[in-house]
Amino acid sequence: MTIDRRAFITASGAALATRALATPAIAATHGKRPQGRFPNGFLWGAATSGHQTEGNDTASDTWLLENVKPSVFVEPSRDACDSFELWAKDLDLVRDFGLNTYRFSIEWSRIEPEPGLFSQAMLDHYRRMIDGCRDRGLTPMVTFNHFTCPRWFSANDGWLSEKSPVLFARYCEHAARRLADGIGYATTLNEPNVMRLLKWMNLPAPLLAAQRAMLIAAARATGAVAFSAANAANVEDLDRQMAHLLAAHAAGRAAIKSVRPDLPVGLSLAVQDDQAVGSDVERDAKRDYCYGAWLRAVAHDDFIGVQNYDRTRIGPSGPLPPPAAAPRNGMGQEIYPPSLGDAVRYVHAATGLAVIVTENGLDTTDDAQRAAYIPAALEGLKSAMDAGVPVRGYVHWSLLDNFEWVFGYGPKYGLVAVDRQTFRRTPKPSAAVYGAIARRNAI
Ligand code: BGC
């Protein structure tokens, strides 16, 4: 996300910058491991997104936002991980770890760099990636929109425009015609609820003002009246933005299904593990504001993607800080692996849908924390499955240390480190831990 919720928590000082506690504390606090194997055919994956890894996504709205002055981005994405060139190496890594699924996004701004002008070469590029997955025995899970949109789209009001659902559906249909028969699972939108989550967190006024100034600068640079992006929008616009994103999901899904009716289509929702401390009232109000409309909108979807990274404890006056003794990452954020199982239970109870965990992971420079986090999070997930929640797969965020939106290359979510000069990929020990779980299909 352009304004990363976890990063913003750090930036706004809500998290204490204490050094992480010893890794074993994570496993020890979460009790007995569930027994047994995951179901046959369980999807074990790693995820990336186009803008965060490909590099030089110059026709996108986010490229402009990174490079205007002022900008809330600490640095521009530049070459990212050069995955536009090196995607085959990325797929090799996923296969070699022992995973069977790769989640990635196709870049709308490459496929439709000008309104109505579709690039055959770019569609062919993504087709090669899909075929490359199949060649390696990987199920391609394709996100049609991972936040970034063409610059022309966002300079014409973006998701605030009434035309946006139709424009999105037109793009989805073009892309699906070339790609759908190779795709395993498709999602329309990535975390379309993220701006509401950020609003609920009451971001500090100076950050909101900086975002507003950046959007004004982007409008000026494009000669637009206003500039608005999926993950950078002013708070007064969020209801309008959500109405159009909801319509875009329905229209995008219909467009993809019109090409290939049997392709499973869903969306990915950002879901925290919301824990009421005291009365449920505040917690339920938060859930309604951040997820309610989306949980209703997915009724006709084939599955729902859940993206969970953390929990929020909610008291009568809003969010509470983590317990003092909670394990933390190097940035002082709480490490709480059971949040995944809890989020999945909540979403399934609210929708009745099958779940795919399309993102879950940890920002840490201490890879031992990630290596401990993965099995601990999977324990909670397996317990939810043992309790009857139909979970079809788990996709870890992220395959690579990549461009983490406003915080640039600082955060480290990757199973693989990437040299910023040579783009050389170096798997971390946590990749072997995760791969071993996937290979034996059991924690
Ligand atoms: C987003 C990713 C992001 C990750 C870690 C998710 O909200 O989908 O793009 O990099 O969280 O912050």
# chains A, B, ... in the order shown; residues from 1 in each chain; ligands from 1
>>> residues_near_ligand(ligand="ligand 1", cutoff="8 Å", atoms="only C-alpha atoms and all ligand atoms", output="list in words")
Met1, Asp4, Arg5, Arg6, Ala7, Thr48, Ser49, Gln52, His146, Phe147, Asn190, Glu191, Val194, Ala270, Gln307, Tyr309, Glu359, Gly361, Asp363, Trp397, Ser398, Asn402, Phe403, Glu404, Trp405 and Tyr413 of chain A
>>> select_by_dssp(residues="stretch 32-152 of chain A", states="alpha helix (DSSP H)", output="ChimeraX atom specification")
/A:50-53,61-67,83-97,108-111,120-135,151-152
>>> write_last_selection(atoms="C-alpha atoms", output="PDB file, in the first residue's frame")
ATOM      1  CA  GLY A  50       4.273  -5.922 -10.240  1.00  0.00           C
ATOM      2  CA  HIS A  51       5.096  -2.419  -9.117  1.00  0.00           C
ATOM      3  CA  GLN A  52       7.014  -3.621  -6.088  1.00  0.00           C
ATOM      4  CA  THR A  53       9.313  -5.945  -8.034  1.00  0.00           C
ATOM      5  CA  ASP A  61       0.261   6.531 -11.054  1.00  0.00           C
ATOM      6  CA  THR A  62       2.561   5.428  -8.249  1.00  0.00           C
ATOM      7  CA  TRP A  63       5.725   6.117 -10.252  1.00  0.00           C
ATOM      8  CA  LEU A  64       4.548   9.699 -10.560  1.00  0.00           C
ATOM      9  CA  LEU A  65       3.656   9.947  -6.861  1.00  0.00           C
ATOM     10  CA  GLU A  66       7.122   8.675  -5.925  1.00  0.00           C
ATOM     11  CA  ASN A  67       8.811  11.292  -8.062  1.00  0.00           C
ATOM     12  CA  SER A  83      11.733  -8.777 -12.023  1.00  0.00           C
ATOM     13  CA  PHE A  84      10.414  -7.563 -15.350  1.00  0.00           C
ATOM     14  CA  GLU A  85      13.628  -9.092 -16.713  1.00  0.00           C
ATOM     15  CA  LEU A  86      14.384 -11.638 -14.010  1.00  0.00           C
ATOM     16  CA  TRP A  87      10.926 -13.185 -13.514  1.00  0.00           C
ATOM     17  CA  ALA A  88      12.141 -16.623 -14.626  1.00  0.00           C
ATOM     18  CA  LYS A  89      14.712 -16.641 -11.813  1.00  0.00           C
ATOM     19  CA  ASP A  90      11.932 -15.740  -9.384  1.00  0.00           C
ATOM     20  CA  LEU A  91       9.838 -18.664 -10.587  1.00  0.00           C
ATOM     21  CA  ASP A  92      12.853 -20.993 -10.292  1.00  0.00           C
ATOM     22  CA  LEU A  93      13.238 -19.955  -6.667  1.00  0.00           C
ATOM     23  CA  VAL A  94       9.591 -20.623  -5.875  1.00  0.00           C
ATOM     24  CA  ARG A  95       9.828 -24.084  -7.455  1.00  0.00           C
ATOM     25  CA  ASP A  96      13.172 -24.894  -5.845  1.00  0.00           C
ATOM     26  CA  PHE A  97      11.879 -24.035  -2.373  1.00  0.00           C
ATOM     27  CA  TRP A 108      -2.575  -2.281 -15.862  1.00  0.00           C
ATOM     28  CA  SER A 109      -0.361   0.670 -16.853  1.00  0.00           C
ATOM     29  CA  ARG A 110       1.851  -1.546 -18.996  1.00  0.00           C
ATOM     30  CA  ILE A 111      -1.079  -3.346 -20.604  1.00  0.00           C
ATOM     31  CA  GLN A 120       0.029  -6.991 -27.209  1.00  0.00           C
ATOM     32  CA  ALA A 121       3.690  -7.264 -26.239  1.00  0.00           C
ATOM     33  CA  MET A 122       2.944  -6.656 -22.562  1.00  0.00           C
ATOM     34  CA  LEU A 123       0.113  -9.179 -22.579  1.00  0.00           C
ATOM     35  CA  ASP A 124       2.529 -11.628 -24.196  1.00  0.00           C
ATOM     36  CA  HIS A 125       5.027 -10.886 -21.428  1.00  0.00           C
ATOM     37  CA  TYR A 126       2.534 -11.831 -18.727  1.00  0.00           C
ATOM     38  CA  ARG A 127       1.474 -14.836 -20.775  1.00  0.00           C
ATOM     39  CA  ARG A 128       5.088 -16.051 -20.689  1.00  0.00           C
ATOM     40  CA  MET A 129       5.076 -15.694 -16.909  1.00  0.00           C
ATOM     41  CA  ILE A 130       1.879 -17.719 -16.620  1.00  0.00           C
ATOM     42  CA  ASP A 131       3.245 -20.398 -18.936  1.00  0.00           C
ATOM     43  CA  GLY A 132       6.520 -20.249 -16.984  1.00  0.00           C
ATOM     44  CA  CYS A 133       4.612 -21.080 -13.813  1.00  0.00           C
ATOM     45  CA  ARG A 134       2.900 -24.023 -15.485  1.00  0.00           C
ATOM     46  CA  ASP A 135       6.223 -25.300 -16.879  1.00  0.00           C
ATOM     47  CA  ARG A 151      -1.305   7.450 -14.695  1.00  0.00           C
ATOM     48  CA  TRP A 152      -4.010   8.558 -17.150  1.00  0.00           C
TER      49      TRP A 152
END
>>> closest_residue(among="A:Cys172, A:Ala226, A:Val306, A:Val389", to="A:Leu269", atoms="only C-alpha atoms")
A:Val306
>>> select_by_dssp(residues="stretch 90-243 of chain A", states="strand (DSSP E)", output="list in words")
Thr101, Tyr102, Arg103, Phe104, Ser105, Thr139, Pro140, Met141, Val142, Thr143, Phe144, Asn145, Tyr185, Ala186, Thr187, Thr188, Leu189 and Asn190 of chain A
>>> write_last_selection(atoms="C-alpha atoms", output="JSON list (two decimals), in the first residue's frame")
[["chain", "number", "residue", "atom", "x", "y", "z"],
["A", 101, "THR", "CA", 1.93, -21.60, -6.24],
["A", 102, "TYR", "CA", 3.11, -18.15, -7.32],
["A", 103, "ARG", "CA", 1.00, -15.06, -6.76],
["A", 104, "PHE", "CA", 1.88, -12.02, -8.83],
["A", 105, "SER", "CA", 0.11, -9.05, -10.35],
["A", 139, "THR", "CA", -0.25, -22.65, -10.03],
["A", 140, "PRO", "CA", -0.38, -19.03, -11.22],
["A", 141, "MET", "CA", -2.49, -16.84, -8.92],
["A", 142, "VAL", "CA", -2.93, -13.55, -10.73],
["A", 143, "THR", "CA", -3.94, -10.21, -9.23],
["A", 144, "PHE", "CA", -5.43, -7.95, -11.89],
["A", 145, "ASN", "CA", -4.85, -4.83, -9.82],
["A", 185, "TYR", "CA", -6.89, -18.31, -9.46],
["A", 186, "ALA", "CA", -7.66, -14.68, -10.22],
["A", 187, "THR", "CA", -8.24, -11.76, -7.91],
["A", 188, "THR", "CA", -9.61, -8.45, -9.14],
["A", 189, "LEU", "CA", -8.40, -5.99, -6.48],
["A", 190, "ASN", "CA", -5.76, -6.13, -3.78]]
>>> closest_residue(among="A:Leu378, A:Gly408, A:Asn231, A:Thr422", to="A:Asn441", atoms="only C-alpha atoms")
A:Leu378
>>> closest_residue(among="A:Val391, A:Leu399, A:Ala293, A:Val68", to="A:Ala350", atoms="only C-alpha atoms")
A:Ala293
>>> closest_residue(among="A:Cys81, A:Val72, A:Arg313, A:Ala46", to="A:Ala210", atoms="only C-alpha atoms")
A:Val72
>>> closest_residue(among="A:Arg345, A:Arg136, A:Arg220, A:Arg424", to="A:Gly380", atoms="only C-alpha atoms")
A:Arg345
